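The structure appears right after this line, and notes come after that.
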Amino acid sequence: MAGSNAQRAADTPVLEVSRYSLSYATPSGPIHALKNIDLRVAHGQTHGLVGESGSGKSSLAWAILRYLPENAIENDGRLLLSGESLRDRTLPQILEIRGRRISMVFQDPSTSLNPAMRLGEQLSEVLIRHRGLTVQEALEESEAALARTGIAKPRDMLRRYPHEASGGEKQRVVIATAFACNPELIVFDEPTTALDIITAQQILELFNQLQDETSISALYISHDLGLVSRVADVVSVINSGEIVESGPSAEVFRTPGNDYTKALLGAVPNPKQWLGVTEPPSEAPALMSAEGITVEYGRQSLLGQLLAPKPTHLGAQEVSIEVRKGELVGLVGESGSGKSTMGKVLSGLQDFDGNVRFGDRNFARLAEIDRTYRRAVQIVFQHPDASLNPRQRVREILSRPLKLYDIVPREQRAERIAELLEQVRLPQEFANRLPHQLSGGEKQRVAIARAFAAEPELVICDEITASLDVSVQASVAELLVSLQRQTGTACLFITHDLNLVRQLAHRICVMQHGKLMDAFHRDDAEGPDRNPYTRALLKAVPPPASQAA
Amino acid sequence: MPKAFRTAAGMTGLGLLLLVMGAATLGPLLAPYDPQAFHPAARLQGPSAAHWLGTDQFGRDLLSRLLNGAPSTVFFGLGATLLGVGAGSMIGVIAGTAGGWIDSVIMRILDGLLAVPELLFTLLIVTFLGGGMGQAMLAVAIAFTPGMARIARSSVLSIRTREYVLAAVARGERSPYIVLREVLPNAVGPIIVEATIRVAFAIMIGATLGFLGLGAQPPSTEWGLMVAEARQFMFRNAWTVAVPGVAIAMAAMGFNLFGDALRDSLDPRRSS
Amino acid sequence: DDPKMGGTLKISHSTRIATLNVLSLSGPAEYPVIDMAYSGLTRIGPDSQPMPDLAASWEGSPDATEFTFHLREGVTFHDGTPATASDVVATYEAILNPDIPASAASVLNMIDTVEAIDDLTVKFSLKTPFADFPTSTAHANARIMSEEALAGDHALLDTVVNGTGPFKMESYDSARITRLVRNDDYFIEGKPHLDAVEMHLFPDLAAETTNFLSGDIDVMLLVQQADYERISSAPGINALRVPSGRYVNVVMRFDQEPFDDLRVREALAYAIDRQLLVDLVLEGLGRPAHDNILSPEFKFRIDTPEKSYDPERAKALLAEAGHPDGLKLDLVASNRPAIRAQVAIAIKQMALPAGFDINVETMPHDTYLANVWRKGGFYMAYWGMQPTEDATFNLLLTSNASYEDTGWMNAEFDALVQAGRSTTIESERADAYTKAQELMLAELPYIIAFYEDVLTASKEHVQGYTLNPINRYFYLENVWLDE
Amino acid sequence: MTLGYLVRRLLAVVLVLFVVTFAVFAITMILPGNAAVMILGEYGTEEAVAAMERRLGLDRPWYIQYLDWIGGILRGDLGQSLRLSLPVSDVVGDAFWNSASLAVTALASVTVIAIPLGVLAAIKRGTVADLVIGIFSYIGASMPEFVTATLLLIFLAGPALGLFPAGGFVSPGESLGGFSSHVVLPAATLGLILTAHISRQVRSEMSEVLSSDYIRAARLKGLRERRVIRRHALPNSLAPAVAVISLDIGYLLGGIIVVEEIFAWPGLGRLLIYALENRDLPVIQAITLVLATVYALSNLLSDIVIAILDPRVRYA
Ligand SMILES: Nc1ncnc2c1ncn2[C@@H]1O[C@H](COP(=O)(O)OP(=O)(O)OP(=O)(O)O)[C@@H](O)[C@H]1O
Ligand SMILES: Nc1ncnc2c1ncn2[C@@H]1O[C@H](COP(=O)(O)OP(=O)(O)OP(=O)(O)O)[C@@H](O)[C@H]1O
Ligand SMILES: [Mg+2]
Ligand SMILES: [Mg+2]
């Protein structure tokens, strides 16, 4: 269907941006967020806007909606909606346009919906505002609009509060709101990023379906090339505020003309491209095996039970996972499926029932986990900002494991720290820095270095790339693999990114609702005996951009 | 200087604080007269060249008394807060790090103490301790303890689940290292901010106790007491009341503004 | 002008009326209430002499050991029951009962027996001669209560008032207003003039003053020195300044160092500028005293030599007593009322040049009562004026005084006081009291720097309002409103 | 919010109160001086004090006194005031209603003034209005009640203006006008510091809400600013404001002690000071109980209000 609407483009584009520049005044000088942007969205067309974090995508959206912060400075470039200049409008006029002629869908439905208002009111208020309906009419209309988004019991949903709906349901409400007044243009700013893969896939399908039905033009913003390739007719690639390449999406993806676009495409994980340790030691003996691990959250003291009993909750149920020497095992699953719970159990942070066997020793609960085990199993966390003590310098952070386990004599510590920094490809001077003086990727490298400093046998990586940019993601993943190759350390790699894990892992375990659903060798990923849930997951993953096109 | 202090409010706070702390440390040396000396010929006068801020009932120089009373007033606030914050943080940190039943028991007791309004609590304690500056200070400290403990505990709890602390636990670090090096240095922020604002509050409570006759006692030059002693002359010479009254407000305001600026500088989300 | 009848008199006061139990009450605002509601056998008049009250007349035996009182006829309590001799007997028996806390007990403890001769005659036999007995029966806490009330639950005495005074209790709210209304059956024909009296409580002095000046309060019971000038100069207000024998005294224990040495006590006496003290602390509303516990209002008061402020002499005396480098002392004062600490602080400053380095320690009144009063060695006390010489001496200074707090214990002094009370011959009494005062001034058990005037104020339309220097008798039955 | 939750909360309140009374009782017993000494003052000879102690029942061992007192409480009898010779329930009951009239007036006017002020400051962030409100709230938050009260007395009740009575109380039942003129200054004194605090909190909550994604979303729906503020922002910033107000009630209950003393308001605060000075234990106990109960209940009430304002909050 992509491209089918492109032919029907009317003469006047719905949106025309020309020579538009925007900068933000800051105490340390202006930040040029948008430079001479030229962009046209034709009638009924979906225009994708792709770029890294900070490239200026949202800035353009705000500019179109005339919702700029006070420190924004614009040049005299043009922003035209169906030929009418948006920049000449007074605020009351803009208020008439917003929601009626242009509407917007945001990244995170849980923050863009008012927690204290029923979903029905939030949907119907645009209808009341812009179409002058009565409350009753607006509610009926809302119900119909919600039904179109595929919600089973729309009347019921209208009466709920945001916290009573799932992320997917909330995003459907937001989308229904955006389509409610039949606007000329809808701006989507990463509408699926905050959702889990399967839901994201459904939302994407919904978008395509509604787009077909209404032929409303859309500006679709995303950092995910694969995703944009599935919805956009035309795509523009933006880098540091400049549009570096623009054209029909099929062309751009197949034959990227610009280096930046190429780099962007290259950084997208491709499951077919094996990055892992070349010799998967599949015959190696089990290093660690977790057997029947169950974690019950919310257990209370006797006093607590008396005063304020709360229900308990199973974070993991009878999960068994095995990691062999030198192996990289991927652990995937949607949000809340219990991946981190397993990571915490195995790194000795969470009490459990069941048995963890490590080498020839058994551990049946948290209290039995001792320092020998802790030294041998290290963990790296998701958030680079939170995983380093903000008050310790990199040197101190890296020297801790060396000191604690007496890995090298005191005199050689400085030298070893330099080595570690080199291994994670950071300059030696970084030893003197404080965490806030590092970028996210650099912080994550320090965290990895700290884990490897203890010379562990197993490293648990809990979503270590999730909060990094695509390009940085790839280099961190690559770094991990190269360290693994050098040291022979085994790794449990927790992630929700199936494409990524298929590039790295020898074996993959899939979790859902605290249970282990599936475990398979990477080669069997598309095999016939896969669990249905695994299949759904794999299907939901956007195929890498180059293939989609 | 952190950005939050470069605002008008931050600068005012810093200025007031410097003024008040200066008075508290150097005040007695700067006083132009003996604060207790009588000048019978010049009693209950307004500001004059000889007595910049006027004189009281005994013809004592108000400026000298103000400067002389600065240490007892300000250090009362600091001392009471320090004691209360110290004890409270200790309890809070113990509860927060120990967890389990120790935490439950401590929290239940704290809940109990927090059920009594703070000034009432202070009054009860100070009456039973027998009044006086030291007693009042202890009472304020005791009254502050439960609130501070709660703040310290929640601060510790929020730090305790940070990933770098988890990393230290997973690495096999021993508890003292985790508490002293990983948790505490990062948990003190909110505690210090709260403490600064509480100094203002302690100064106000201390002055109130002095005013009620339960805190500082004559011939102390504590500011609340000065207000109390001067009240009977307030219609004859409003200066006798206004001078110490405004001084108390300024001291409290200094700590309030400073505390807020400190909070803003620690919390970028709040800085405007 | 002829007194006009009717109207409500509003009196403001700043201390609570906590109880109406005649036997034990002691608050400054409680006295006017019982003075209105109750009568004693006798009452102290504005001239400080005993005057008839419930007793129309009385006579004593020449040796002053037997006194007979003749009650008025036809007097009834507010509830209508007749007031007779048996009520008087019951009241005095209650006062003397050791199980009942009674403030008048220490003044009346010389009573041996009290008996009703008939319905209207009561006879007292005393253990020891006592010439001032009719003054003692005027004690403010010795008002006559009904036998029935005394036989009942004593807890009721706190709130239920049934007296024979000119006003009846109408409502009693200890936190706000106490209201009394005219007793139409009062035993003095034509009195009281007022329909009602209201006592309004203002715990904050500033609030009280402002309300008196700008509100509808008619009488401000007690005026602070600081406000006196402002109040007296306000239009439409009569401020009343009654010279009184009320004093603040410095207690120096004879049995503790360094005040066991007379020279040290004298040194301190010379180190105080008494006129300045009056000016600074009392705003001039008092008279310098030169350590005589008896003020000029007392009949047998002697001319007292003046002690001028003489730090040099004080210093010399200190040196003589073995303190050539001066003395460091802790002087304790309770914080209520503030005058105690003020005098202490003034003394500290004045005595500096004489070599006294006095550290004033002020403490809350409860702590003071529990820990210092009658225990400490050097502290500030504060007493109201007593009705007689004998009462004054026996309150504090004789060896078996009720509140003996100096450890002076002088047998000669005791004998002189005893001699003064046991005769009714004026010249003998004058002689005994003169010698007693001379002895006291020589031995210097207390430093008494000034006598404090009693200050009160009323609006101009209030007529006939006066009070007694003892500040326990208010004669409100004479007051009328000229509106 | 379930019934079970409410019952548990109330039980916890009772438990807390029990601990509080026990502590108060125990401490009074350790220290020198008692009601008998205080009643008799300097006229208390040893015999008189002993007699008074017998009369008041203070000669019994402390635990007997406590058990006796607790027994009374369980029967609904708060005992007899030692100093005022009236049933505690009468004394404290009257004072309670008087205090309540002051506290409610103060709190109501504070709420009415502070919330709009805070909202205004947040909307007009960075403008003169915001600055003025900010200055006002810092000054307000830094003045102890006794200073505010004294200054108000000098300037508004003093001889120069004499706008309001300098103290005293008229019950609203007697004369509403009289009550109003008397309540102005004490309520203003109490109100100043609370207004300062609450408006500051509302401002910061409101600012935070105004910068939230859902407000942005609401604005981008083209809604008028009035609706954005009233329907979207206000309810969300009110819930935290209610939490602050309920905490401030604790402060109010403390402040009332000083204010009542200065303005001669015959409420619990003044009664408390009087009872403390006189070691009138049953009254102290009763007032502590009443104030702690009011505080606990107001916290509970605020939790209920918050649960109504914020549908996310659920107590079980
Ligand atoms: N109000 C502002 N003041 C100053 N700089 C700003 C402001 N808003 C955005 N910027 C900067 O402008 C640049 C573009 O930001 P923008 O939010 O448009 O990026 P983006 O492409 O949407 O990124 P992301 O994918 O992370 O959402 C960034 O460098 C950002 O830091
Ligand atoms: N400390 C805890 N107390 C109670 N419940 C918890 C706790 N930690 C996690 N849970 C719950 O346990 C379940 C599994 O959580 P877990 O963090 O293991 O998920 P996850 O797969 O790592 O999800 P994500 O991808 O979002 O990180 C979730 O429903 C979560 O809400
Ligand atoms: Mg963006
Ligand atoms: Mg996780």
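Identifiers in this document derive from the order of the structure tokens: chains are assigned A, B, ..., residues are numbered from 1 separately in each chain, and ligands are numbered from 1 in order of occurrence.
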At a cut-off of 9 Å, list the chain D residues touching chain C, using only C-alpha atoms, as JSON, numbers by chain. {"D": [32, 33, 34, 37, 38, 39, 40, 41, 42, 43, 44, 45, 47, 48, 49, 50, 51, 52, 54, 55, 83, 84, 85, 86, 91, 95, 150, 153, 157, 158, 159, 162, 165, 166, 167, 168, 169, 261, 262, 263, 264, 265, 266, 267, 270, 271, 274, 277, 278, 279]}
When DSSP is applied to the backbone of this structure, which of region 73-183 of chain A are assigned strand (DSSP E)? Write them out as a count of residues only. 12
Neighbourhood of ligand 1 at 9 Å, counting only C-alpha atoms and all ligand atoms, reported as number ranges by chain: A: 23-26, 30-34, 50-62, 68-72, 107, 189-190, 221-223, 238-241, 469
Please dump the current selection as an mmCIF file, in the first residue's frame; keep C-alpha atoms.
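Output saved as result-v4.cif:
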```cif
data_model
loop_
_atom_site.group_PDB
_atom_site.id
_atom_site.type_symbol
_atom_site.label_atom_id
_atom_site.label_comp_id
_atom_site.auth_asym_id
_atom_site.auth_seq_id
_atom_site.Cartn_x
_atom_site.Cartn_y
_atom_site.Cartn_z
ATOM 1 C CA SER A 23 17.528 27.826 16.954
ATOM 2 C CA TYR A 24 17.281 27.855 20.705
ATOM 3 C CA ALA A 25 18.895 30.593 22.735
ATOM 4 C CA THR A 26 20.826 29.153 25.658
ATOM 5 C CA PRO A 30 22.372 29.383 20.358
ATOM 6 C CA ILE A 31 21.671 25.777 19.450
ATOM 7 C CA HIS A 32 20.770 25.459 15.805
ATOM 8 C CA ALA A 33 18.124 22.804 15.875
ATOM 9 C CA LEU A 34 16.798 23.185 12.341
ATOM 10 C CA VAL A 50 14.060 9.882 10.351
ATOM 11 C CA GLY A 51 17.077 10.843 12.364
ATOM 12 C CA GLU A 52 19.009 10.213 15.516
ATOM 13 C CA SER A 53 18.104 11.547 18.884
ATOM 14 C CA GLY A 54 18.654 15.304 19.016
ATOM 15 C CA SER A 55 18.618 15.716 15.257
ATOM 16 C CA GLY A 56 15.704 18.149 15.450
ATOM 17 C CA LYS A 57 12.732 15.968 14.556
ATOM 18 C CA SER A 58 10.508 17.064 17.423
ATOM 19 C CA SER A 59 11.572 20.662 16.943
ATOM 20 C CA LEU A 60 10.056 20.595 13.503
ATOM 21 C CA ALA A 61 6.848 19.118 14.853
ATOM 22 C CA TRP A 62 6.583 21.870 17.469
ATOM 23 C CA LEU A 68 7.648 26.608 20.533
ATOM 24 C CA PRO A 69 9.446 27.309 23.794
ATOM 25 C CA GLU A 70 10.197 30.924 24.691
ATOM 26 C CA ASN A 71 13.845 30.655 23.774
ATOM 27 C CA ALA A 72 13.120 29.560 20.219
ATOM 28 C CA GLN A 107 5.454 9.047 21.910
ATOM 29 C CA ASP A 189 6.133 11.759 16.988
ATOM 30 C CA GLU A 190 7.492 8.265 17.604
ATOM 31 C CA ILE A 221 8.638 10.974 12.971
ATOM 32 C CA SER A 222 10.833 8.128 14.134
ATOM 33 C CA HIS A 223 14.420 7.200 14.737
ATOM 34 C CA ILE A 238 17.516 14.588 9.116
ATOM 35 C CA ASN A 239 20.933 14.975 10.704
ATOM 36 C CA SER A 240 21.866 17.763 13.103
ATOM 37 C CA GLY A 241 18.974 19.895 11.925
ATOM 38 C CA ASP A 469 21.117 5.670 20.281
#
```
Write out as an MDAnalysis selection string each polymer residue whose atoms come within 6 Å of region 135-150 of chain B, counting only C-alpha atoms; drop sequence neighbours fewer than 3 positions from it. chainID B and resid 80 83:85 88:89 91:92 110 118 122 125:126 129 131:132 153 215
Could you list, as a list in words, all residues that come within 6 Å of ligand 2? Count only C-alpha atoms and all ligand atoms.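 Using only C-alpha atoms and all ligand atoms, I find these residues within 6 Å of ligand 2: Tyr297, Gly298, Gly315, Glu334, Ser335, Gly336, Ser337, Gly338, Lys339, Ser340 and Thr341 of chain A.
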At a cut-off of 12 Å around ligand 4, and using only C-alpha atoms and all ligand atoms, what residues come up? Please write them as a PyMOL selection string. (chain A and resi 315+331-344+380-383+461-467+493-496+511+514) or (chain B and resi 163)
Save out the residues we just selected, N, CA, C and O atoms, as a compact mmCIF listing (two decimals), in the first residue's frame.
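The resulting file, again-v8.txt, is reproduced below:
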```txt
# COMPACT_ATOMS: atom_id res chain seq x y z
N GLY A 315 7.18 -12.69 40.09
CA GLY A 315 8.04 -12.06 39.09
C GLY A 315 8.61 -13.10 38.15
O GLY A 315 8.89 -12.81 36.98
N LEU A 331 18.19 -13.33 26.48
CA LEU A 331 16.95 -13.51 27.20
C LEU A 331 16.02 -12.38 26.74
O LEU A 331 16.31 -11.21 26.98
N VAL A 332 14.94 -12.73 26.04
CA VAL A 332 14.06 -11.70 25.51
C VAL A 332 12.64 -11.86 26.04
O VAL A 332 12.28 -12.90 26.59
N GLY A 333 11.88 -10.85 25.83
CA GLY A 333 10.49 -10.86 26.28
C GLY A 333 9.99 -9.45 26.37
O GLY A 333 10.78 -8.51 26.41
N GLU A 334 8.65 -9.33 26.39
CA GLU A 334 8.12 -7.98 26.46
C GLU A 334 8.36 -7.39 27.84
O GLU A 334 8.83 -8.07 28.76
N SER A 335 8.01 -6.13 27.96
CA SER A 335 8.20 -5.45 29.23
C SER A 335 7.40 -6.13 30.34
O SER A 335 6.25 -6.52 30.13
N GLY A 336 8.03 -6.31 31.47
CA GLY A 336 7.34 -6.92 32.61
C GLY A 336 7.29 -8.43 32.55
O GLY A 336 6.64 -9.06 33.37
N SER A 337 8.02 -9.01 31.64
CA SER A 337 7.93 -10.47 31.51
C SER A 337 8.81 -11.20 32.52
O SER A 337 8.73 -12.40 32.63
N GLY A 338 9.66 -10.47 33.23
CA GLY A 338 10.46 -11.11 34.26
C GLY A 338 11.93 -11.26 33.89
O GLY A 338 12.67 -11.95 34.58
N LYS A 339 12.37 -10.58 32.85
CA LYS A 339 13.76 -10.70 32.42
C LYS A 339 14.71 -10.16 33.50
O LYS A 339 15.65 -10.83 33.93
N SER A 340 14.42 -8.91 33.94
CA SER A 340 15.28 -8.31 34.95
C SER A 340 15.22 -9.10 36.24
O SER A 340 16.21 -9.20 36.97
N THR A 341 14.06 -9.64 36.53
CA THR A 341 13.93 -10.45 37.74
C THR A 341 14.95 -11.58 37.71
O THR A 341 15.65 -11.82 38.69
N MET A 342 15.04 -12.25 36.59
CA MET A 342 16.01 -13.33 36.47
C MET A 342 17.44 -12.80 36.60
O MET A 342 18.29 -13.41 37.25
N GLY A 343 17.66 -11.65 35.97
CA GLY A 343 19.00 -11.05 36.07
C GLY A 343 19.35 -10.77 37.52
O GLY A 343 20.48 -11.03 37.96
N LYS A 344 18.40 -10.27 38.28
CA LYS A 344 18.68 -9.95 39.67
C LYS A 344 18.91 -11.21 40.51
O LYS A 344 19.75 -11.24 41.39
N VAL A 380 25.79 -5.79 34.49
CA VAL A 380 25.78 -4.44 33.91
C VAL A 380 24.32 -4.07 33.69
O VAL A 380 23.55 -4.89 33.21
N PHE A 381 23.99 -2.82 34.10
CA PHE A 381 22.58 -2.44 34.06
C PHE A 381 22.21 -1.62 32.85
O PHE A 381 23.06 -1.12 32.11
N GLN A 382 20.89 -1.38 32.78
CA GLN A 382 20.33 -0.69 31.64
C GLN A 382 20.70 0.79 31.56
O GLN A 382 21.10 1.29 30.52
N HIS A 383 20.50 1.52 32.71
CA HIS A 383 20.60 2.98 32.64
C HIS A 383 22.01 3.46 32.91
O HIS A 383 22.48 3.37 34.03
N CYS A 461 24.04 -8.91 31.34
CA CYS A 461 23.82 -7.58 30.78
C CYS A 461 22.33 -7.36 30.67
O CYS A 461 21.65 -8.01 29.90
N ASP A 462 21.82 -6.42 31.48
CA ASP A 462 20.38 -6.19 31.50
C ASP A 462 20.05 -4.97 30.64
O ASP A 462 20.18 -3.85 31.08
N GLU A 463 19.63 -5.19 29.42
CA GLU A 463 19.24 -4.12 28.51
C GLU A 463 20.31 -3.04 28.41
O GLU A 463 20.02 -1.86 28.47
N ILE A 464 21.55 -3.44 28.27
CA ILE A 464 22.60 -2.44 28.33
C ILE A 464 22.58 -1.49 27.14
O ILE A 464 23.20 -0.45 27.17
N THR A 465 21.82 -1.82 26.10
CA THR A 465 21.81 -0.91 24.95
C THR A 465 20.49 -0.16 24.80
O THR A 465 20.35 0.70 23.96
N ALA A 466 19.54 -0.49 25.70
CA ALA A 466 18.18 0.01 25.48
C ALA A 466 18.09 1.53 25.49
O ALA A 466 17.32 2.11 24.75
N SER A 467 18.87 2.19 26.33
CA SER A 467 18.70 3.64 26.37
C SER A 467 19.76 4.36 25.55
O SER A 467 20.02 5.54 25.77
N PHE A 493 22.52 -12.13 28.08
CA PHE A 493 22.22 -10.84 27.48
C PHE A 493 20.71 -10.63 27.46
O PHE A 493 19.97 -11.26 26.69
N ILE A 494 20.28 -9.74 28.34
CA ILE A 494 18.84 -9.49 28.46
C ILE A 494 18.47 -8.33 27.56
O ILE A 494 19.11 -7.29 27.60
N THR A 495 17.41 -8.50 26.75
CA THR A 495 17.02 -7.40 25.87
C THR A 495 15.60 -7.61 25.40
O THR A 495 15.02 -8.69 25.55
N HIS A 496 15.00 -6.58 24.85
CA HIS A 496 13.71 -6.79 24.21
C HIS A 496 13.87 -6.67 22.68
O HIS A 496 12.92 -6.78 21.94
N MET A 511 10.79 -15.15 27.43
CA MET A 511 9.94 -15.15 28.63
C MET A 511 8.67 -14.37 28.37
O MET A 511 8.64 -13.42 27.59
N GLY A 514 6.47 -13.88 33.35
CA GLY A 514 7.23 -14.56 34.39
C GLY A 514 7.57 -16.01 34.08
O GLY A 514 8.19 -16.68 34.87
N GLU B 163 21.08 1.64 40.50
CA GLU B 163 21.81 0.52 39.91
C GLU B 163 23.25 0.44 40.41
O GLU B 163 23.79 -0.65 40.54
```
Closest pair table for chain B residues within 9 Å of chain A, only C-alpha atoms, as CSV:
```
residue,atom,partner,partner_atom,distance
B:Gly100,CA,A:Ser301,CA,6.9
B:Trp101,CA,A:Ser301,CA,6.7
B:Ser104,CA,A:Gly304,CA,7.4
B:Val105,CA,A:Leu303,CA,8.6
B:Arg162,CA,A:Ala386,CA,6.1
B:Glu163,CA,A:Ser387,CA,4.6
B:Tyr164,CA,A:Ser387,CA,4.3
B:Val165,CA,A:Asn389,CA,7.7
B:Leu166,CA,A:Leu349,CA,7.0
B:Ala167,CA,A:Ile379,CA,6.7
B:Val169,CA,A:Leu349,CA,7.1
B:Ala170,CA,A:Ser347,CA,5.6
B:Arg171,CA,A:Arg374,CA,5.4
B:Gly172,CA,A:Arg371,CA,5.4
B:Glu173,CA,A:Leu404,CA,7.3
B:Glu182,CA,A:Asn389,CA,6.8
B:Pro185,CA,A:Arg391,CA,7.5
B:Asn186,CA,A:Arg391,CA,7.4
```
Dump C-alpha atoms for the selected residues as a short mmCIF file (atom, residue, chain, number, x, y, z; two decimals), in the first residue's frame?
```
data_model
loop_
_atom_site.label_atom_id
_atom_site.label_comp_id
_atom_site.auth_asym_id
_atom_site.auth_seq_id
_atom_site.Cartn_x
_atom_site.Cartn_y
_atom_site.Cartn_z
CA GLY B 100 12.70 -6.03 57.52
CA TRP B 101 11.20 -5.97 60.98
CA SER B 104 8.78 -1.86 60.42
CA VAL B 105 9.19 -1.26 64.13
CA ARG B 162 19.93 2.70 42.29
CA GLU B 163 21.81 0.52 39.91
CA TYR B 164 25.25 1.49 41.16
CA VAL B 165 24.30 0.35 44.65
CA LEU B 166 22.89 -2.85 43.27
CA ALA B 167 26.10 -3.26 41.34
CA VAL B 169 25.91 -5.49 46.26
CA ALA B 170 26.19 -7.85 43.33
CA ARG B 171 29.94 -7.30 43.31
CA GLY B 172 30.07 -8.55 46.89
CA GLU B 173 30.94 -5.31 48.64
CA GLU B 182 27.75 4.35 47.95
CA PRO B 185 27.13 10.42 50.01
CA ASN B 186 24.27 10.32 47.53
#
```
May I ask for the distance between CA of Ile11 (chain C) and CA of Asp227 (chain C), given in Å to one decimal place?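 Interatomic distance here is 16.8 Å.
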Residue nearest chain D - candidates A:Pro27, A:Gly48, A:Gly266, A:Pro311, atoms counted: only C-alpha atoms: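 Among the listed residues, A:Pro311 lies closest to chain D.
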Figure out the distance between CA of Leu219 (chain A) and CA of Ile186 (chain A), please, to one decimal in Å.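 Separation of CA of Ile186 (chain A) and CA of Leu219 (chain A): 6.3 Å.
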Could the residues of chain D within 8 Å of chain A, counting only C-alpha atoms, be given as a list in words, please? Tyr5, Arg8, Ser212, Asp213, Tyr214, Ile215, Arg216, Ala217, Leu220, Lys221, Gly222, Leu223, Arg224, His232, Pro235, Asn236, Leu309, Asp310, Pro311, Arg312 and Ala316 of chain D
